[in-house]
Each structure stands twice: as structure tokens, then as C-alpha cells.
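Source file: my_file-v3.txt (compact mmCIF, C-alpha atoms and all ligand atoms)
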```txt
# COMPACT_ATOMS: atom_id res chain seq x y z
CA GLN P 49 -50.91 35.16 1.69
CA GLY P 50 -53.97 33.66 3.32
CA ASN P 51 -55.75 30.40 2.83
CA ARG P 52 -56.68 29.75 -0.84
CA ASP P 53 -58.88 26.74 -0.17
CA LEU P 54 -61.49 27.81 -2.75
CA ALA P 55 -59.00 28.01 -5.62
CA GLY P 56 -60.48 26.46 -8.76
CA LYS P 57 -64.05 26.76 -7.49
CA ARG P 58 -66.77 28.94 -9.03
CA VAL P 59 -69.03 30.56 -6.46
CA LEU P 60 -72.24 32.40 -7.32
CA VAL P 61 -73.47 34.88 -4.71
CA THR P 62 -76.68 36.90 -4.82
CA ALA P 63 -76.98 40.11 -2.83
CA ALA P 64 -79.28 43.04 -2.08
CA GLY P 65 -83.00 43.38 -2.63
CA THR P 66 -85.05 43.28 -5.79
CA ARG P 67 -87.23 46.16 -6.98
CA GLU P 68 -90.57 45.41 -8.58
CA PRO P 69 -91.90 48.30 -10.68
CA ILE P 70 -95.31 49.83 -10.01
CA ASP P 71 -94.91 52.53 -12.68
CA PRO P 72 -91.90 54.29 -14.28
CA VAL P 73 -91.04 56.12 -11.03
CA ARG P 74 -92.09 53.75 -8.22
CA TYR P 75 -91.31 50.25 -7.05
CA ILE P 76 -91.87 47.74 -4.28
CA GLY P 77 -88.61 46.94 -2.53
CA ASN P 78 -87.11 46.01 0.82
CA HIS P 79 -84.37 47.14 3.19
CA SER P 80 -81.56 44.87 1.97
CA SER P 81 -78.36 46.89 1.47
CA GLY P 82 -76.24 44.14 -0.06
CA LYS P 83 -73.77 44.16 2.85
CA MET P 84 -74.20 40.47 3.73
CA GLY P 85 -73.93 39.27 0.13
CA TYR P 86 -71.00 41.53 -0.77
CA ALA P 87 -69.14 40.35 2.35
CA LEU P 88 -69.66 36.76 1.21
CA ALA P 89 -68.50 37.53 -2.31
CA GLU P 90 -65.36 39.25 -1.00
CA ALA P 91 -64.61 36.48 1.49
CA ALA P 92 -64.98 33.79 -1.19
CA ALA P 93 -62.76 35.73 -3.62
CA ALA P 94 -60.11 36.25 -0.93
CA ARG P 95 -60.04 32.46 -0.51
CA GLY P 96 -59.27 31.98 -4.20
CA ALA P 97 -62.74 31.36 -5.67
CA GLU P 98 -63.88 32.75 -8.99
CA VAL P 99 -66.89 34.72 -7.82
CA ILE P 100 -69.94 35.77 -9.77
CA LEU P 101 -72.00 38.32 -7.86
CA VAL P 102 -75.58 38.90 -8.96
CA SER P 103 -76.75 42.00 -7.18
CA GLY P 104 -79.90 44.01 -6.87
CA PRO P 105 -79.52 47.79 -6.51
CA SER P 106 -76.94 48.62 -3.82
CA SER P 107 -74.81 51.63 -3.00
CA LEU P 108 -71.82 49.40 -2.22
CA ALA P 109 -68.81 49.53 -4.51
CA CYS P 110 -68.34 46.55 -6.82
CA PRO P 111 -65.65 44.45 -5.14
CA ALA P 112 -62.34 44.31 -7.05
CA GLY P 113 -61.74 41.18 -9.09
CA ILE P 114 -65.35 40.03 -8.91
CA THR P 115 -67.70 39.82 -11.87
CA VAL P 116 -70.86 41.72 -10.93
CA THR P 117 -74.14 41.47 -12.79
CA LYS P 118 -76.56 44.16 -11.67
CA VAL P 119 -80.28 43.41 -11.81
CA GLU P 120 -83.45 45.09 -10.60
CA THR P 121 -86.32 42.61 -10.51
CA ALA P 122 -86.69 39.04 -9.29
CA ALA P 123 -87.26 37.94 -12.90
CA GLN P 124 -83.94 39.51 -13.95
CA MET P 125 -82.19 37.93 -10.97
CA ARG P 126 -83.59 34.55 -11.96
CA GLU P 127 -82.29 34.95 -15.54
CA ALA P 128 -78.82 35.98 -14.36
CA VAL P 129 -78.59 33.15 -11.82
CA LEU P 130 -79.86 30.45 -14.20
CA ALA P 131 -77.36 31.56 -16.85
CA GLU P 132 -74.49 30.63 -14.50
CA PHE P 133 -75.95 27.79 -12.49
CA ASP P 134 -74.67 24.81 -14.50
CA THR P 135 -71.06 25.96 -14.30
CA VAL P 136 -70.78 26.85 -10.60
CA ASP P 137 -69.82 24.70 -7.62
CA VAL P 138 -71.53 26.74 -4.91
CA VAL P 139 -74.51 29.12 -4.78
CA ILE P 140 -75.05 31.41 -1.80
CA LYS P 141 -78.37 33.28 -1.94
CA ALA P 142 -78.16 36.23 0.43
CA ALA P 143 -80.43 38.39 -1.74
CA ALA P 144 -83.82 39.49 -0.47
CA VAL P 145 -86.07 38.59 -3.38
CA ALA P 146 -89.61 39.97 -3.58
CA ASP P 147 -92.12 37.15 -3.24
CA TYR P 148 -94.75 39.16 -5.17
CA ARG P 149 -94.70 41.84 -7.85
CA PRO P 150 -97.39 44.17 -9.17
CA GLU P 151 -99.32 42.20 -11.78
CA THR P 152 -98.75 44.96 -14.31
CA ALA P 153 -96.41 47.93 -14.20
CA ALA P 154 -98.21 51.06 -15.45
CA ASP P 155 -96.68 52.61 -18.60
CA GLN P 156 -97.11 56.12 -17.21
CA LYS P 157 -96.80 57.58 -13.73
CA ILE P 158 -99.97 56.73 -11.79
CA LYS P 159 -101.91 59.93 -11.11
CA LYS P 160 -103.18 60.85 -7.64
CA THR P 161 -106.93 60.48 -8.07
CA GLY P 162 -108.98 58.42 -5.60
CA ASN P 163 -108.44 58.20 -1.81
CA THR P 164 -107.26 54.63 -2.09
CA LEU P 165 -105.16 52.81 -4.64
CA THR P 166 -105.27 49.05 -4.96
CA LEU P 167 -102.41 47.13 -6.50
CA SER P 168 -102.92 43.60 -7.68
CA MET P 169 -99.87 41.46 -6.94
CA ILE P 170 -98.74 38.21 -8.50
CA LYS P 171 -96.28 35.61 -7.21
CA ASN P 172 -92.67 35.83 -8.34
CA PRO P 173 -90.73 32.70 -9.21
CA ASP P 174 -88.86 31.24 -6.22
CA ILE P 175 -85.34 31.22 -7.64
CA LEU P 176 -83.80 29.14 -4.89
CA ARG P 177 -86.51 26.54 -5.05
CA GLU P 178 -85.93 26.20 -8.78
CA LEU P 179 -82.19 25.75 -8.18
CA GLY P 180 -83.00 23.11 -5.57
CA GLU P 181 -84.99 21.19 -8.19
CA ARG P 182 -82.24 21.47 -10.81
CA LYS P 183 -79.17 20.94 -8.67
CA LYS P 184 -76.66 18.24 -9.55
CA HIS P 185 -73.20 18.72 -8.04
CA GLN P 186 -73.81 22.23 -6.70
CA LEU P 187 -73.86 23.13 -3.03
CA LEU P 188 -76.86 25.35 -2.30
CA ILE P 189 -76.78 27.75 0.62
CA GLY P 190 -79.86 29.83 1.39
CA PHE P 191 -80.67 32.57 3.87
CA ALA P 192 -83.87 32.96 5.84
CA ALA P 193 -84.93 36.40 7.05
CA GLU P 194 -87.55 35.87 9.74
CA THR P 195 -89.49 37.99 12.22
CA GLN P 196 -90.93 35.04 14.17
CA GLU P 197 -90.41 31.30 14.64
CA LEU P 198 -86.90 31.58 13.26
CA LEU P 199 -85.83 27.96 13.42
CA SER P 200 -89.01 26.27 12.25
CA HIS P 201 -89.49 28.65 9.33
CA ALA P 202 -85.84 28.32 8.30
CA GLN P 203 -85.92 24.53 8.60
CA GLU P 204 -89.03 24.44 6.41
CA LYS P 205 -87.19 26.49 3.73
CA LEU P 206 -84.13 24.23 3.94
CA ILE P 207 -86.27 21.20 3.15
CA LYS P 208 -88.68 22.79 0.63
CA LYS P 209 -85.85 24.33 -1.40
CA ASN P 210 -83.57 21.24 -1.18
CA LEU P 211 -80.67 23.18 0.39
CA ASP P 212 -77.42 21.95 1.91
CA MET P 213 -77.38 24.69 4.53
CA ILE P 214 -79.53 27.65 5.53
CA VAL P 215 -78.46 30.75 7.43
CA ALA P 216 -81.28 32.04 9.60
CA ASN P 217 -81.39 35.60 10.86
CA ASP P 218 -84.01 37.07 13.15
CA VAL P 219 -84.24 40.46 11.48
CA THR P 220 -86.01 42.02 14.49
CA LEU P 221 -82.87 41.77 16.68
CA PRO P 222 -80.75 44.92 16.96
CA GLY P 223 -77.44 44.23 15.21
CA ALA P 224 -78.95 41.61 12.91
CA GLY P 225 -80.46 41.53 9.45
CA PHE P 226 -81.05 44.38 7.05
CA ASN P 227 -78.55 47.19 6.52
CA THR P 228 -76.51 46.62 9.71
CA ASP P 229 -72.77 46.02 9.66
CA THR P 230 -73.21 43.00 11.92
CA ASN P 231 -75.43 39.95 11.89
CA ILE P 232 -76.62 37.32 14.37
CA VAL P 233 -77.25 34.02 12.64
CA ARG P 234 -78.03 30.39 13.22
CA VAL P 235 -76.67 27.96 10.73
CA ILE P 236 -78.83 24.93 10.00
CA HIS P 237 -77.31 21.98 8.16
CA LYS P 238 -79.09 19.45 5.99
CA ASN P 239 -78.59 16.79 8.69
CA GLY P 240 -80.50 18.95 11.18
CA GLN P 241 -77.44 20.17 13.09
CA ILE P 242 -77.88 23.77 14.31
CA GLU P 243 -75.12 26.18 15.27
CA GLU P 244 -75.72 29.50 16.96
CA LEU P 245 -73.23 32.28 16.22
CA PRO P 246 -72.83 35.39 18.36
CA GLN P 247 -73.14 38.94 16.97
CA LEU P 248 -70.31 39.28 14.45
CA THR P 249 -69.47 41.60 11.59
CA LYS P 250 -70.96 40.47 8.30
CA ARG P 251 -67.42 39.77 7.05
CA GLN P 252 -66.79 37.50 10.07
CA VAL P 253 -70.07 35.69 9.45
CA ALA P 254 -69.03 35.33 5.81
CA GLU P 255 -65.63 33.83 6.74
CA ILE P 256 -67.28 31.27 9.03
CA LEU P 257 -69.80 30.31 6.33
CA ILE P 258 -67.00 29.94 3.78
CA ASP P 259 -65.14 27.65 6.23
CA LYS P 260 -68.22 25.46 6.45
CA ILE P 261 -68.63 25.43 2.68
CA CYS P 262 -65.00 24.32 2.27
CA VAL P 263 -65.62 21.40 4.64
CA MET P 264 -68.74 20.44 2.69
CA LEU P 265 -66.85 20.61 -0.63
CA THR P 266 -64.11 18.35 0.77
CA ASN P 267 -66.66 15.80 1.98
CA TYR P 268 -68.45 15.92 -1.37
CA THR P 269 -65.51 14.92 -3.54
O1 LIG V 301 -78.28 43.03 2.47
P1 LIG V 301 -78.18 43.33 3.95
O2 LIG V 301 -78.68 44.71 4.28
O3 LIG V 301 -76.78 43.06 4.48
O4 LIG V 301 -79.16 42.32 4.74
C1 LIG V 301 -78.88 40.96 4.79
C2 LIG V 301 -80.16 40.10 4.66
C3 LIG V 301 -81.06 40.32 5.88
C4 LIG V 301 -80.92 40.48 3.38
C5 LIG V 301 -79.67 38.62 4.57
O5 LIG V 301 -78.98 38.28 5.73
C6 LIG V 301 -80.84 37.66 4.35
O6 LIG V 301 -81.48 37.19 5.29
N1 LIG V 301 -81.14 37.34 3.07
C7 LIG V 301 -82.32 36.56 2.66
C8 LIG V 301 -83.51 37.46 2.63
C9 LIG V 301 -84.77 36.74 2.15
O7 LIG V 301 -85.33 37.11 1.16
O8 LIG V 301 -85.11 35.70 2.86
P2 LIG V 301 -86.42 34.78 2.58
O9 LIG V 301 -86.59 34.02 3.86
O10 LIG V 301 -87.56 35.59 2.09
O11 LIG V 301 -85.97 33.81 1.41
C10 LIG V 301 -85.36 32.55 1.65
C11 LIG V 301 -84.32 32.26 0.60
O12 LIG V 301 -84.95 32.07 -0.69
C12 LIG V 301 -83.27 33.34 0.40
O13 LIG V 301 -82.01 32.71 0.22
C13 LIG V 301 -83.74 34.07 -0.85
O14 LIG V 301 -82.64 34.62 -1.59
C14 LIG V 301 -84.43 32.97 -1.64
N2 LIG V 301 -85.56 33.43 -2.47
C15 LIG V 301 -86.67 33.98 -1.89
C16 LIG V 301 -87.76 34.34 -2.67
C17 LIG V 301 -87.70 34.15 -4.07
N3 LIG V 301 -88.71 34.51 -4.85
N4 LIG V 301 -86.58 33.62 -4.63
C18 LIG V 301 -85.53 33.25 -3.85
O15 LIG V 301 -84.52 32.76 -4.36
```

Can you present the structure in this file as C-alpha cells?
Ligand code: PMT
Amino acid sequence: QGNRDLAGKRVLVTAAGTREPIDPVRYIGNHSSGKMGYALAEAAAARGAEVILVSGPSSLACPAGITVTKVETAAQMREAVLAEFDTVDVVIKAAAVADYRPETAADQKIKKTGNTLTLSMIKNPDILRELGERKKHQLLIGFAAETQELLSHAQEKLIKKNLDMIVANDVTLPGAGFNTDTNIVRVIHKNGQIEELPQLTKRQVAEILIDKICVMLTNYT
């Protein structure tokens, strides 16, 4: 029997990427596999939390004992997350949410006609930012996937989205980011403290993040 220090806590985790439809057969997506988010969900459940996993499309098996809500688009992810938000203690947003979606999804498969095809895109809601505006007792943990200026971009997101902690990954590093079994992250706290972790499996990263969340929960109450 391991440590059950999240017993009695409800933890909402988002994982994988969203898909934004272009037409009935095509979408705009990204390379997120769900591995980071599923590792977090499993680690939190192993520590006794009641876990709600809101996941975009992923080939990973639904973890045992965890309630999984599958979604496709950012709008569906927003609905699923908001439906649970008031009743959870912690939110960890590892999902890669599309910032823009095609303004309209065509009813029928788009035919190959001209040499170019222009899609008009419209901004998606920023789910995490909305949670940051609504939050009361909840701890909010975000991720930042960056290809440049890792720390400054992540710090900006921490502040703009009113987070308690942000986990920054430079997704250009081998062994970090999308679809790898490992990650290399820097953890930035609300007070500005920054910790640099070495390359670790996503499960190890998840365990370390859960440790930090437990400390924050203890200091909160
Ligand atoms: O799934 P894997 O293959 O294991 O890959 C893991 C990962 C690289 C996807 C993960 O480690 C990661 O970095 N997740 C966040 C990806 C992302 O979308 O980052 P962002 O910097 O664009 O967004 C910042 C934060 O705001 C994220 O917590 C994101 O969930 C959230 N967000 C973003 C846009 C939006 N419209 N709504 C949001 O809630």
C-alpha cells in the first residue's frame, strides 16, 4: 500500500489533443498522444484521488478506476471541464487544445477543385483562462508547450490564466513533449520559484507534480 495522500480529493485532468473539424472526414489537430495526461490521472488515482479524466482522442487504454469523458473539439472539452469544475479540488490541464478552429465545418467532403484552398479560422475559447477567472478554492495547474523562450512564455501564461503552477516543456528537445514516453520540464510556481527537472518518464514527472500538489493542498487548508 502506497501513500494515499490525495484520499478524499477530486482531481480533474485533461489529456490529449483536440480535433477541429474541417469537413466530415478531415480535422485540424496536433501531436498530443495523451501520455502525459494519462500518467497524471493514473498517478493521482494511485494516491487515492477521485479522478475525472477529460480526454481528446487517444489510443491509450482508459485507466482502471478512472471516470473518462472522451471529447473531440475544444468546445466539447470546455463543456466537459466546466461541468465538473465547481466540485473538484485540483485541475491539471495537460491537454493540447487548439487555439483556433475552422470558422465553419463543411457539411460535405470538400472537393479537390482549385490549386489552393483557404480556410478561415476563428479563435477557440481559452478553457484554462476561463477557469482562472472562475476559480475559488481550486488549485489550477497548467502546462505550456513551447518551441522558444520557454520560461518567459510559460510565466506569461501562469499570470494571464491565474494559475498556481505551470509545467513548461520545450517540445523541440528530444525526449520531451509530444508523444514521447519521457518529458523534460521546468515547474514554475505562482511565487516565481522555478525548478528544473531532468529527463524522466512521464509517470515520474507525474509523481513529482502530484507531490507538489499535495504540499500546496496542505498549505491551503
Ligand atoms: O500528450 P503527450 O503526447 O504526452 O504530450 C504532452 C504535451 C506536450 C501535450 C503536454 O506536456 C503539454 O505541454 N500540454 C499542454 C499543451 C498546450 O496546449 O500548451 P499551450 O501552451 O498551448 O497551452 C497552455 C495551457 O492552456 C495548457 O494547460 C492548455 O491545456 C490550456 N489551454 C490552451 C488553449 C485553450 N484554448 N484552452 C486551454 O485550456

Mind running chain P against ligand LIG 301 (chain V) at 6 Å and telling me each contacting residue's nearest atom pair with the distance in Å (one decimal), counting all atoms listed in the file, chain and number ascending, as CSV?
```
residue,atom,partner,partner_atom,distance
P:Ala64,CA,V:LIG301,O1,4.7
P:Ser80,CA,V:LIG301,O2,3.7
P:Ser81,CA,V:LIG301,O2,3.6
P:Gly82,CA,V:LIG301,O1,3.4
P:Lys83,CA,V:LIG301,O3,3.6
P:Met84,CA,V:LIG301,O3,3.7
P:Lys141,CA,V:LIG301,O13,4.3
P:Ala142,CA,V:LIG301,N1,4.1
P:Ala143,CA,V:LIG301,O14,4.4
P:Ala144,CA,V:LIG301,O7,3.3
P:Val145,CA,V:LIG301,C16,4.6
P:Ala146,CA,V:LIG301,N3,5.7
P:Asp147,CA,V:LIG301,N3,4.6
P:Asn172,CA,V:LIG301,N3,5.4
P:Pro173,CA,V:LIG301,N3,5.1
P:Asp174,CA,V:LIG301,N3,3.5
P:Ile175,CA,V:LIG301,O15,3.7
P:Leu176,CA,V:LIG301,O15,3.7
P:Gly190,CA,V:LIG301,O13,3.8
P:Phe191,CA,V:LIG301,O13,3.9
P:Ala192,CA,V:LIG301,O9,3.5
P:Ala193,CA,V:LIG301,O6,4.0
P:Asn217,CA,V:LIG301,O6,5.8
P:Gly225,CA,V:LIG301,C3,3.8
P:Phe226,CA,V:LIG301,O4,3.6
P:Asn227,CA,V:LIG301,O2,3.3
```

Subject >> Nearest-residue call for P:Lys209, choices P:Glu255, P:Glu98, P:Glu181, P:Asp137, using only C-alpha atoms >> reply: P:Glu181

Original post:
So, counting only C-alpha atoms, which residue among P:Leu188, P:Ala112, P:Leu248, P:Ile158 is closest to P:Leu211?
Top reply: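 Closest residue, counting only C-alpha atoms: P:Leu188.
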
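Atom pair atom CA of P:Ala122 / atom CA of P:Cys110: separated by 20.0 Å.
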
Original post:
Any idea what's packed within 10 Å of P:Val119, counting all atoms listed in the file, ignoring anything in its chain fewer than 2 positions away? Could you give it as a list in words?
Top reply: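 Here the qualifying residues turn out to be Ala64, Gly65, Thr66, Arg67, Val102, Ser103, Gly104, Pro105, Val116, Thr117, Thr121, Ala122, Ala123, Gln124, Met125, Arg126, Glu127 and Ala128 of chain P.
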
Original post:
Quick one, how far is atom CA of P:Ser168 from atom CA of P:Ala153?
Top reply: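 Separation between atom CA of P:Ser168 and atom CA of P:Ala153: 10.2 Å.
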
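Shortest separation to P:Ala94 among P:Arg58, P:Arg52, P:Lys205, P:Lys118 occurs at residue P:Arg52, atoms counted being all atoms listed in the file.
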
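When only C-alpha atoms are used to measure the gap to P:Ile214, the shortest distance among P:Leu179, P:Arg149, P:Arg251, P:Ile140 belongs to P:Ile140.
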
Original post:
Rounded to one decimal in Å, what is the spacing between atom CA of P:Glu68 and atom CA of P:Ser107?
Top reply: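 Distance between the two atoms: 17.8 Å.
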
Original post:
Nearest to P:Leu130 among P:Pro150, P:Gly85, P:Gly180, P:Pro111, with distances taken over all atoms listed in the file: which residue is it?
Top reply: P:Gly180

Original post:
At a cut-off of 8 Å from (-77.0, 42.9, 17.9) in the coordinates of the file, what residues are picked up using only C-alpha atoms, written as a ChimeraX atom specification?
Top reply: /P:221-224,230-232,247
